[in-house]
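Student: You'll find work00.cif just under this line, and it carries mmCIF, C-alpha atoms.
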```
data_input
#
loop_
_atom_site.label_atom_id
_atom_site.label_comp_id
_atom_site.auth_asym_id
_atom_site.auth_seq_id
_atom_site.Cartn_x
_atom_site.Cartn_y
_atom_site.Cartn_z
CA MET A 1 -21.17 14.14 11.26
CA CYS A 2 -18.80 13.33 14.02
CA SER A 3 -20.05 15.16 17.08
CA LEU A 4 -19.52 13.20 20.23
CA GLN A 5 -22.72 12.32 22.04
CA SER A 6 -21.25 10.96 25.15
CA SER A 7 -21.32 13.54 27.93
CA THR A 8 -23.36 11.22 30.11
CA MET A 9 -20.76 8.49 29.68
CA ARG A 10 -17.80 10.60 30.54
CA ASN A 11 -15.54 9.03 33.10
CA HIS A 12 -14.34 11.40 35.79
CA ALA A 13 -12.25 8.84 37.55
CA MET A 14 -8.96 9.50 35.84
CA GLY A 15 -6.60 10.73 38.51
CA ASP A 16 -3.73 12.24 36.61
CA GLY A 17 -5.66 14.79 34.61
CA GLY A 18 -3.63 17.33 36.57
CA ASP A 19 -0.46 16.03 34.96
CA LYS A 20 -1.56 17.34 31.60
CA ASP A 21 -1.24 20.93 30.64
CA ASN A 22 -4.69 21.59 29.33
CA GLY A 23 -6.46 21.63 32.70
CA ARG A 24 -9.44 19.60 31.55
CA SER A 25 -11.37 18.04 34.40
CA ASN A 26 -13.35 15.62 32.31
CA SER A 27 -11.67 12.67 30.72
CA PHE A 28 -12.78 10.63 27.80
CA SER A 29 -12.50 6.92 27.68
CA VAL A 30 -11.13 5.43 24.51
CA LEU A 31 -11.13 1.88 23.24
CA VAL A 32 -8.27 1.02 20.90
CA VAL A 33 -9.08 -1.94 18.68
CA ASP A 34 -6.09 -3.19 16.63
CA ASP A 35 -4.32 -6.49 16.12
CA ASP A 36 -0.84 -4.97 15.98
CA THR A 37 1.02 -4.43 19.26
CA VAL A 38 3.13 -1.53 17.98
CA VAL A 39 0.08 0.29 16.67
CA ARG A 40 -1.81 -0.22 19.93
CA MET A 41 1.11 1.13 21.91
CA VAL A 42 1.37 4.24 19.76
CA HIS A 43 -2.36 4.90 19.77
CA ARG A 44 -2.48 4.41 23.53
CA MET A 45 0.32 6.90 24.00
CA LEU A 46 -1.32 9.42 21.70
CA MET A 47 -4.54 9.21 23.63
CA THR A 48 -3.04 9.32 27.11
CA SER A 49 -0.82 12.23 26.14
CA ILE A 50 -3.91 14.31 25.51
CA GLY A 51 -5.47 13.22 28.77
CA LEU A 52 -7.73 10.38 27.68
CA GLU A 53 -8.19 7.08 29.43
CA VAL A 54 -7.44 4.06 27.27
CA GLN A 55 -8.32 0.40 27.03
CA GLU A 56 -6.98 -1.92 24.35
CA VAL A 57 -8.24 -5.02 22.63
CA LYS A 58 -6.73 -7.12 19.87
CA ASN A 59 -9.68 -7.65 17.54
CA GLY A 60 -13.29 -6.82 16.81
CA LYS A 61 -14.69 -9.72 18.78
CA GLU A 62 -12.98 -8.61 21.99
CA ALA A 63 -14.40 -5.14 21.44
CA VAL A 64 -17.90 -6.53 21.07
CA ASP A 65 -17.47 -8.81 24.09
CA LEU A 66 -16.41 -5.84 26.22
CA HIS A 67 -19.60 -4.04 25.30
CA HIS A 68 -21.69 -7.11 26.00
CA ALA A 69 -20.12 -7.14 29.44
CA GLY A 70 -21.41 -3.63 29.97
CA ALA A 71 -18.41 -1.46 29.15
CA SER A 72 -18.88 1.76 27.25
CA PHE A 73 -16.53 4.29 25.76
CA ASP A 74 -16.63 7.84 24.47
CA LEU A 75 -14.46 6.99 21.51
CA ILE A 76 -13.59 3.77 19.74
CA LEU A 77 -10.61 3.62 17.42
CA MET A 78 -11.34 0.72 15.12
CA ASP A 79 -8.72 -0.87 12.90
CA MET A 80 -10.08 -2.33 9.70
CA GLU A 81 -8.21 -5.56 9.05
CA MET A 82 -8.09 -7.86 12.07
CA PRO A 83 -8.37 -11.60 12.59
CA ILE A 84 -11.45 -13.29 14.12
CA MET A 85 -13.67 -10.25 13.62
CA ASN A 86 -12.63 -7.32 11.45
CA GLY A 87 -13.44 -3.63 11.83
CA PRO A 88 -16.52 -3.37 9.62
CA ALA A 89 -18.08 -6.47 11.16
CA ALA A 90 -17.39 -5.28 14.69
CA THR A 91 -18.74 -1.82 13.90
CA ARG A 92 -21.95 -3.29 12.52
CA GLU A 93 -22.32 -5.47 15.62
CA LEU A 94 -21.80 -2.56 17.96
CA ARG A 95 -24.31 -0.39 16.15
CA ALA A 96 -26.79 -3.24 16.12
CA MET A 97 -26.29 -3.51 19.88
CA GLY A 98 -27.25 0.13 20.17
CA VAL A 99 -23.79 1.53 20.87
CA LYS A 100 -23.86 5.25 20.20
CA SER A 101 -20.20 6.03 20.84
CA ASN A 102 -18.07 7.85 18.34
CA ILE A 103 -16.46 5.10 16.28
CA VAL A 104 -13.53 6.19 14.18
CA GLY A 105 -12.05 3.81 11.64
CA VAL A 106 -8.27 3.82 11.50
CA THR A 107 -6.85 1.96 8.56
CA SER A 108 -3.63 1.71 6.62
CA ARG A 109 -5.66 1.25 3.47
CA THR A 110 -5.72 4.58 1.75
CA SER A 111 -8.24 4.15 -1.08
CA GLU A 112 -11.35 6.28 -0.84
CA SER A 113 -13.68 3.42 -1.70
CA VAL A 114 -12.26 1.39 1.15
CA HIS A 115 -12.90 4.25 3.55
CA LYS A 116 -16.39 4.65 2.17
CA ASP A 117 -17.25 0.98 2.66
CA PHE A 118 -15.90 1.07 6.17
CA MET A 119 -17.90 4.24 6.90
CA GLU A 120 -21.04 2.47 5.75
CA ALA A 121 -20.58 -0.13 8.46
CA GLY A 122 -21.51 2.64 10.88
CA LEU A 123 -18.45 4.77 11.51
CA ASN A 124 -18.62 8.44 12.44
CA HIS A 125 -15.31 9.12 10.78
CA CYS A 126 -12.47 7.32 9.04
CA VAL A 127 -8.79 8.23 8.97
CA ALA A 128 -5.70 6.71 7.47
CA LYS A 129 -2.84 5.36 9.55
CA PRO A 130 -0.67 6.57 11.09
CA LEU A 131 -2.81 8.32 13.61
CA THR A 132 -1.53 11.77 14.49
CA ILE A 133 -2.41 14.58 16.87
CA GLU A 134 -3.66 16.53 13.89
CA LYS A 135 -6.02 13.78 12.79
CA ILE A 136 -7.27 13.36 16.32
CA ASP A 137 -8.07 17.05 16.37
CA SER A 138 -10.31 16.46 13.39
CA PHE A 139 -12.65 14.12 15.26
CA LEU A 140 -12.56 15.38 18.82
CA PRO A 141 -14.90 18.18 19.88
CA ASP A 142 -13.64 21.74 20.01
CA SER A 143 -13.41 21.88 23.79
CA ASN A 144 -10.45 19.51 23.65
CA ASN A 145 -8.46 21.66 21.30
CA ASN A 146 -7.38 24.25 23.83
CA MET B 1 28.43 22.64 29.40
CA ASP B 2 30.03 22.77 25.99
CA SER B 3 30.29 19.00 25.54
CA VAL B 4 26.62 18.66 26.42
CA ILE B 5 25.72 21.16 23.74
CA GLN B 6 27.98 19.32 21.31
CA LEU B 7 26.19 16.09 22.02
CA GLN B 8 22.81 17.70 21.64
CA ARG B 9 23.90 19.26 18.37
CA GLN B 10 25.17 15.88 17.15
CA LEU B 11 21.86 14.35 18.02
CA VAL B 12 19.94 17.03 16.17
CA ASP B 13 22.16 16.72 13.12
CA TYR B 14 21.97 12.95 13.09
CA THR B 15 18.22 12.98 13.44
CA ALA B 16 17.88 15.65 10.76
CA GLN B 17 19.87 13.47 8.40
CA LEU B 18 17.54 10.54 9.00
CA PHE B 19 14.59 12.72 8.10
CA ASN B 20 16.29 14.13 5.02
CA GLU B 21 17.07 10.68 3.71
CA GLY B 22 13.48 9.63 4.21
CA ILE B 23 14.45 6.88 6.62
CA LEU B 24 12.25 8.40 9.27
CA ASP B 25 9.25 10.59 8.73
CA ASP B 26 7.16 12.97 10.73
CA GLN B 27 5.50 10.18 12.65
CA PHE B 28 8.76 9.47 14.49
CA ASN B 29 8.89 13.12 15.38
CA GLN B 30 5.47 12.81 16.87
CA LEU B 31 6.53 9.87 19.01
CA GLN B 32 9.33 11.98 20.41
CA GLN B 33 6.81 14.65 21.21
CA LEU B 34 4.68 12.22 23.14
CA GLN B 35 7.50 11.10 25.40
CA ASP B 36 7.49 12.82 28.77
CA GLU B 37 8.62 12.39 32.39
CA SER B 38 5.90 9.89 33.18
CA ASN B 39 6.87 7.80 30.16
CA PRO B 40 10.56 8.53 29.74
CA ASP B 41 11.33 5.41 27.75
CA PHE B 42 8.37 5.46 25.43
CA VAL B 43 10.31 5.90 22.20
CA VAL B 44 12.84 3.19 23.02
CA GLU B 45 10.08 0.82 24.12
CA VAL B 46 7.91 1.25 21.08
CA VAL B 47 10.86 1.01 18.72
CA THR B 48 12.09 -2.14 20.50
CA LEU B 49 8.65 -3.60 20.09
CA PHE B 50 8.75 -2.71 16.43
CA PHE B 51 12.10 -4.50 16.05
CA GLU B 52 10.74 -7.67 17.68
CA ASP B 53 7.55 -7.57 15.68
CA SER B 54 9.35 -6.94 12.40
CA GLU B 55 11.92 -9.65 12.89
CA ARG B 56 9.16 -12.14 13.52
CA LEU B 57 7.27 -10.99 10.43
CA LEU B 58 10.36 -11.08 8.23
CA ASN B 59 11.06 -14.65 9.33
CA GLU B 60 7.49 -15.64 8.58
CA LEU B 61 7.71 -14.00 5.19
CA ALA B 62 10.93 -15.79 4.29
CA LYS B 63 9.38 -19.10 5.31
CA ALA B 64 6.18 -18.44 3.42
CA LEU B 65 8.03 -17.60 0.23
CA GLU B 66 10.01 -20.85 0.43
CA GLN B 67 6.91 -23.01 0.39
CA GLN B 68 6.16 -25.25 -2.57
CA SER B 69 2.77 -23.70 -2.94
CA VAL B 70 2.93 -20.08 -1.88
CA ASP B 71 0.11 -18.75 0.27
CA TYR B 72 -0.22 -15.18 -0.99
CA ARG B 73 -2.98 -14.30 1.42
CA LYS B 74 -0.78 -15.18 4.35
CA ILE B 75 2.09 -13.17 2.90
CA ASP B 76 -0.22 -10.24 2.29
CA ALA B 77 -1.42 -10.39 5.89
CA HIS B 78 2.15 -10.30 7.22
CA VAL B 79 3.13 -7.44 4.92
CA HIS B 80 0.03 -5.55 5.95
CA GLN B 81 1.06 -5.85 9.58
CA LEU B 82 4.58 -4.72 8.82
CA LYS B 83 3.24 -1.79 6.88
CA GLY B 84 1.01 -0.78 9.75
CA SER B 85 3.65 -0.97 12.43
CA SER B 86 6.36 0.70 10.35
CA SER B 87 4.03 3.59 9.57
CA SER B 88 3.22 3.92 13.27
CA ILE B 89 6.81 4.60 14.18
CA GLY B 90 7.67 6.58 11.09
CA ALA B 91 9.89 4.05 9.31
CA GLN B 92 8.90 5.54 6.00
CA ARG B 93 11.11 3.55 3.64
CA VAL B 94 10.05 0.25 5.16
CA GLN B 95 6.44 1.29 4.74
CA LYS B 96 6.98 2.21 1.08
CA VAL B 97 8.49 -1.15 0.23
CA CYS B 98 5.55 -2.84 1.95
CA ILE B 99 3.19 -1.07 -0.42
CA ALA B 100 5.10 -2.44 -3.43
CA PHE B 101 5.24 -5.82 -1.74
CA ARG B 102 1.45 -5.95 -1.42
CA ASN B 103 1.09 -5.19 -5.11
CA CYS B 104 3.34 -8.13 -5.95
CA CYS B 105 1.18 -10.32 -3.74
CA GLU B 106 -1.93 -9.21 -5.54
CA ASP B 107 -0.31 -10.07 -8.85
CA ARG B 108 0.88 -13.38 -7.39
CA ASN B 109 4.32 -12.44 -8.68
CA ILE B 110 6.74 -14.72 -6.84
CA GLU B 111 9.89 -13.07 -8.17
CA GLY B 112 8.54 -9.65 -7.37
CA CYS B 113 7.73 -10.82 -3.86
CA GLN B 114 11.19 -12.22 -3.32
CA LYS B 115 12.73 -9.00 -4.54
CA CYS B 116 10.49 -7.01 -2.23
CA LEU B 117 11.43 -9.21 0.69
CA GLN B 118 15.11 -8.46 0.07
CA GLN B 119 14.34 -4.78 -0.19
CA VAL B 120 12.28 -4.67 2.95
CA LYS B 121 14.95 -6.57 4.85
CA HIS B 122 17.49 -4.04 3.66
CA GLU B 123 15.37 -1.03 4.62
CA TYR B 124 14.51 -2.60 7.94
CA SER B 125 18.12 -3.24 8.88
CA LEU B 126 19.00 0.30 7.83
CA VAL B 127 16.40 1.91 10.06
CA LYS B 128 17.30 -0.48 12.87
CA THR B 129 20.98 0.48 12.74
CA LYS B 130 20.18 4.17 12.60
CA LEU B 131 17.78 4.03 15.51
CA GLU B 132 20.15 1.95 17.60
CA THR B 133 22.84 4.56 17.04
CA LEU B 134 20.42 7.29 17.97
CA PHE B 135 19.58 5.58 21.23
CA LYS B 136 23.24 4.96 22.01
CA VAL B 137 24.10 8.63 21.65
CA ARG B 138 21.11 9.50 23.75
CA GLY B 139 22.18 7.01 26.41
CA LYS B 140 25.48 8.82 26.80
CA LYS B 141 23.76 11.68 28.47
CA GLY B 142 22.39 9.47 31.22
CA LYS B 143 19.69 11.23 33.16
CA ASN B 144 17.10 13.52 31.65
CA LYS B 145 16.71 11.11 28.78
CA SER B 146 13.31 12.38 27.86
CA ASN B 147 14.50 15.95 27.77
CA LEU B 148 17.16 15.03 25.28
CA PHE B 149 14.62 13.81 22.77
CA ARG B 150 12.40 16.75 23.27
CA MET B 151 15.33 19.01 22.69
CA ASN B 152 15.80 17.57 19.25
CA THR B 153 12.88 19.50 18.03
CA VAL B 154 11.28 22.38 19.80
CA ALA B 155 13.96 23.22 22.32
CA GLN B 156 16.69 23.47 19.71
CA ALA B 157 14.58 25.94 17.88
CA THR B 158 14.16 28.25 20.79
CA ASP B 159 17.59 28.49 22.29
CA PHE B 160 17.11 25.53 24.62
CA CYS B 161 14.42 27.41 26.50
CA LEU B 162 11.66 24.94 25.95
CA TYR B 163 12.66 22.41 28.58
CA ASP B 164 9.17 22.96 29.77
CA ARG B 165 7.31 20.00 28.36
CA SER B 166 3.86 21.40 28.82
CA LEU B 167 4.84 24.58 27.03
CA SER B 168 6.34 22.72 24.12
CA ARG B 169 3.32 20.48 23.88
CA ARG B 170 0.93 23.38 23.84
CA PHE B 171 3.07 24.96 21.16
CA TRP B 172 2.77 21.87 18.99
CA GLN B 173 -0.86 21.22 19.67
CA GLN B 174 -1.84 24.75 18.78
CA GLU B 175 -0.04 24.62 15.54
CA GLY B 176 -1.14 21.11 14.74
CA GLN B 177 0.95 20.82 11.67
CA PHE B 178 3.86 18.62 12.61
CA LEU B 179 5.69 18.45 9.37
CA GLY B 180 5.46 22.14 8.72
CA GLN B 181 6.63 22.75 12.24
CA TYR B 182 9.52 20.37 11.95
CA ASN B 183 10.84 22.08 8.85
CA LYS B 184 10.41 25.44 10.45
CA VAL B 185 12.15 24.24 13.58
CA LYS B 186 14.92 22.73 11.55
CA THR B 187 15.51 26.01 9.78
CA ILE B 188 15.71 27.84 13.06
CA ALA B 189 18.06 25.23 14.48
CA GLU B 190 20.23 25.51 11.42
CA ASP B 191 20.26 29.25 11.80
CA HIS B 192 21.18 28.77 15.41
CA SER B 193 24.09 26.52 14.45
CA GLN B 194 25.19 28.99 11.85
CA ARG B 195 25.22 31.83 14.31
CA LYS B 196 27.16 29.76 16.80
CA GLN B 197 29.62 28.78 14.12
CA ASN B 198 30.10 32.38 13.28
CA GLY B 199 30.87 33.00 16.90
CA ILE B 200 27.80 35.16 17.42
CA LEU B 201 26.32 32.93 20.08
CA ASP B 202 28.09 32.15 23.27
CA MET B 203 26.78 29.21 25.32
#
```
What is this structure when it is put down as C-alpha cells?

Tutor:
Amino acid sequence: MCSLQSSTMRNHAMGDGGDKDNGRSNSFSVLVVDDDTVVRMVHRMLMTSIGLEVQEVKNGKEAVDLHHAGASFDLILMDMEMPIMNGPAATRELRAMGVKSNIVGVTSRTSESVHKDFMEAGLNHCVAKPLTIEKIDSFLPDSNNN
Amino acid sequence: MDSVIQLQRQLVDYTAQLFNEGILDDQFNQLQQLQDESNPDFVVEVVTLFFEDSERLLNELAKALEQQSVDYRKIDAHVHQLKGSSSSIGAQRVQKVCIAFRNCCEDRNIEGCQKCLQQVKHEYSLVKTKLETLFKVRGKKGKNKSNLFRMNTVAQATDFCLYDRSLSRRFWQQEGQFLGQYNKVKTIAEDHSQRKQNGILDM
C-alpha cells in the first residue's frame, strides 16, 4: 500500500505555496534520485508545479549519504539504473536505516518482473518513465488531488 | 491583433503536426503545461539540456561502436540514458529507436547496433530541427512567452479565454488524462479554425 506516513515530517517552510492554485498550506519534501540531468529537471519541475519542495541527487549513494546526514523526505523518487549505487541497493539501504518515507521507483524499464524485483527492495510503489501528473496522482494522498 | 492570432494558429498547427507524426508525444505537452510565469523558459531550458546530453551520448556511441572490441555494456548504458531523457521530453521516435537499439546490444549484433545508431541520429536531428523551429516561431512574439505555449493547448480550445494559468492547470489536473484531453482540445481547436475559416468567428 502506498499511504504516506509522513505528517510529522512535513516541511512548512516553503514560502511560495501561495503561488500555486490549490491553496495547500502544507508542503511535501521530495528527493529526486536519478543520474540523468534531463530527467531530474523534468521531475523537479513536475514536483514544484504541484507545490512540493524538491532536492536532487545523482545516484543512490548520494541519497543514502543525505539520510545519514540527517535529512528526511516525504517522498523519494528513485530511479532504478544508476552508477555507484543503483535504485534497489539504495532502497534496501534506506529501509535498513529505518527510513519510512514513501519511496517510489521510477524506471524506464517496463517489464513487470523488473518492477516486481524493484518493489521487493522496499518500494511503496513503482511507475514507468516518463513521470506524469497522472502517475503522481496515483501515489500521492487524496488531499493533494484537489 | 490578427497577425498575433495568425501566429498562434501557426504554432498550434505546427505543434499538432509534430504530434500527429509521432515526433513528439504527450509528455512534451505536459512540459508545456508545467511552464508558468515563475519558470517562463522551462521548456526551452529542458530541451536545450536534452540536446546537449544527446549530442554527447551520440558521440560516445559512435566512438564505442568503432572500437576493435566493442563494449556492449557501455553502449547499452548510453542508450539507456538516451532513452530515459528522450522519454522525459516526449521525443517519442527517438525513444522507440532506443528500445530497438538496446535489443541489438543484448544480441551483441554489431550491424544492428550500427544501423540503430544511424536511425537514432536521424530521429534526433529531426526532433531537434522541429523543436528549434517551434522555439523560433515562439520567439517572434517576444514577451508573454509562457502564455504562448500555454495557448497551444487549453487556451486554443476555449476561445483564448484560458490565459489564466491557475485555471488551466486546475482544468488539467482535474481531468488527469493528458492524452485524452489533448485530442479533445485539438478537436475543439480544429472546430474553432473551421468556424473562423467559414467566417463565423470574428476576432

Student: For chain A, report every residue with an atom at most 6 Å from chain B (counting all atoms listed in the file), formatted as a PDB file with C-alpha atoms, keeping the file's coordinate frame.

Tutor:
```
ATOM      1  CA  ASP A  21      -1.240  20.930  30.640  1.00  0.00           C
ATOM      2  CA  VAL A  38       3.130  -1.530  17.980  1.00  0.00           C
ATOM      3  CA  VAL A  39       0.080   0.290  16.670  1.00  0.00           C
ATOM      4  CA  PRO A 130      -0.670   6.570  11.090  1.00  0.00           C
ATOM      5  CA  GLU A 134      -3.660  16.530  13.890  1.00  0.00           C
TER       6      GLU A 134
END
```

Student: Name the closest residue to B:Val97 among the candidates B:Asn59, B:Gln67, B:Asn109, B:Gln119; distances are taken between atoms, counting all atoms listed in the file.

Tutor: B:Gln119

Student: By how many Å are atom CA of B:Leu126 and atom CA of B:Val94 apart?

Tutor: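 Straight-line distance from atom CA of B:Leu126 to atom CA of B:Val94 works out to 9.3 Å.
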
Student: Any idea what the distance is between atom CA of B:Thr129 and atom CA of B:Ala91?

Tutor: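 We find that atom CA of B:Thr129 and atom CA of B:Ala91 lie 12.1 Å from each other.
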
Student: Could you tell me, as a list of chain:residue names, exactly which residues end up selected when the PyMOL selection byres ((chain A and resi 97) around 12) is applied to this structure?

Tutor: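 Applying the PyMOL selection byres ((chain A and resi 97) around 12) to the structure shown produces A:Val64, A:Asp65, A:Leu66, A:His67, A:His68, A:Ala69, A:Gly70, A:Ser72, A:Ala90, A:Thr91, A:Arg92, A:Glu93, A:Leu94, A:Arg95, A:Ala96, A:Gly98, A:Val99, A:Lys100, A:Ser101, A:Gly122.
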
Student: Measure the distance from atom CA of A:Met119 to atom CA of A:Thr107 in Å and round it to one decimal.

Tutor: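 We find that atom CA of A:Met119 and atom CA of A:Thr107 lie 11.4 Å from each other.
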
Student: So which residues touch B:Cys113 within 10 Å, counting only C-alpha atoms, skipping near sequence neighbours fewer than 5 positions away, as a PyMOL selection string?

Tutor: chain B and resi 61+65+72+75+100-108+118-119

Student: Could you save the residues just selected, with C-alpha atoms, as a PDB file, in the frame of the given file?

Tutor:
```
ATOM      1  CA  LEU B  61       7.710 -14.000   5.190  1.00  0.00           C
ATOM      2  CA  LEU B  65       8.030 -17.600   0.230  1.00  0.00           C
ATOM      3  CA  TYR B  72      -0.220 -15.180  -0.990  1.00  0.00           C
ATOM      4  CA  ILE B  75       2.090 -13.170   2.900  1.00  0.00           C
ATOM      5  CA  ALA B 100       5.100  -2.440  -3.430  1.00  0.00           C
ATOM      6  CA  PHE B 101       5.240  -5.820  -1.740  1.00  0.00           C
ATOM      7  CA  ARG B 102       1.450  -5.950  -1.420  1.00  0.00           C
ATOM      8  CA  ASN B 103       1.090  -5.190  -5.110  1.00  0.00           C
ATOM      9  CA  CYS B 104       3.340  -8.130  -5.950  1.00  0.00           C
ATOM     10  CA  CYS B 105       1.180 -10.320  -3.740  1.00  0.00           C
ATOM     11  CA  GLU B 106      -1.930  -9.210  -5.540  1.00  0.00           C
ATOM     12  CA  ASP B 107      -0.310 -10.070  -8.850  1.00  0.00           C
ATOM     13  CA  ARG B 108       0.880 -13.380  -7.390  1.00  0.00           C
ATOM     14  CA  GLN B 118      15.110  -8.460   0.070  1.00  0.00           C
ATOM     15  CA  GLN B 119      14.340  -4.780  -0.190  1.00  0.00           C
TER      16      GLN B 119
END
```

Student: I'd like the contact shell of stretch 75-78 of chain A - 6 Å cut-off, all atoms listed in the file, skipping same-chain residues fewer than 5 positions apart - returned as a PyMOL selection string.

Tutor: chain A and resi 30-33+87+101-106

Student: For the file shown, report as a ChimeraX atom specification the outcome of the PyMOL selection byres ((chain A and resi 45) around 9) at residue level.

Tutor: /A:40-44,46-50,54 /B:31,34-35,42

Student: Residues as selected, C-alpha atoms, written as a short mmCIF file (atom, residue, chain, number, x, y, z; two decimals), keeping the file's coordinate frame, can you do that?

Tutor:
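Result written to result22.cif:
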```cif
data_model
loop_
_atom_site.label_atom_id
_atom_site.label_comp_id
_atom_site.auth_asym_id
_atom_site.auth_seq_id
_atom_site.Cartn_x
_atom_site.Cartn_y
_atom_site.Cartn_z
CA ARG A 40 -1.81 -0.22 19.93
CA MET A 41 1.11 1.13 21.91
CA VAL A 42 1.37 4.24 19.76
CA HIS A 43 -2.36 4.90 19.77
CA ARG A 44 -2.48 4.41 23.53
CA LEU A 46 -1.32 9.42 21.70
CA MET A 47 -4.54 9.21 23.63
CA THR A 48 -3.04 9.32 27.11
CA SER A 49 -0.82 12.23 26.14
CA ILE A 50 -3.91 14.31 25.51
CA VAL A 54 -7.44 4.06 27.27
CA LEU B 31 6.53 9.87 19.01
CA LEU B 34 4.68 12.22 23.14
CA GLN B 35 7.50 11.10 25.40
CA PHE B 42 8.37 5.46 25.43
#
```

Student: Identify the residues around (-8.9, -5.6, 14.8) within a radius of 6 Å, measuring from all atoms listed in the file in the coordinates stated by the file, and give them as a PyMOL selection string.

Tutor: chain A and resi 33-35+58-60+79+81-82+86-87

Student: Could you take the residues named above and write them with C-alpha atoms, as a short mmCIF file (atom, residue, chain, number, x, y, z; two decimals), in the frame of the given file?

Tutor:
```cif
data_model
loop_
_atom_site.label_atom_id
_atom_site.label_comp_id
_atom_site.auth_asym_id
_atom_site.auth_seq_id
_atom_site.Cartn_x
_atom_site.Cartn_y
_atom_site.Cartn_z
CA VAL A 33 -9.08 -1.94 18.68
CA ASP A 34 -6.09 -3.19 16.63
CA ASP A 35 -4.32 -6.49 16.12
CA LYS A 58 -6.73 -7.12 19.87
CA ASN A 59 -9.68 -7.65 17.54
CA GLY A 60 -13.29 -6.82 16.81
CA ASP A 79 -8.72 -0.87 12.90
CA GLU A 81 -8.21 -5.56 9.05
CA MET A 82 -8.09 -7.86 12.07
CA ASN A 86 -12.63 -7.32 11.45
CA GLY A 87 -13.44 -3.63 11.83
#
```

Student: Quick one: of A:Thr37, A:Ile136, A:Arg109, A:Val114, who's nearest to A:Leu52, counting only C-alpha atoms?

Tutor: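 Among A:Thr37, A:Ile136, A:Arg109, A:Val114, it is A:Ile136 that comes nearest to A:Leu52.
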
Student: Find the residues around B:Leu131 up to 10 Å (only C-alpha atoms counted), leave out those fewer than 6 positions away in its own chain, and share them as a list in words.

Tutor: Thr15, Leu18, Ile23, Leu24, Val44, Val47, Thr48, Ser125 and Val137 of chain B

Student: Just checking: using all atoms listed in the file, which residue out of B:Pro40, B:Lys115, B:Lys128, B:Gln92 ends up closest to B:Phe19?

Tutor: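 With all atoms listed in the file as the atom set, the closest residue is B:Gln92.
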
Student: Tell me which of B:Arg56, B:His78, B:Lys121, B:Lys63 sits closest to A:Pro83, counting only C-alpha atoms.

Tutor: B:His78
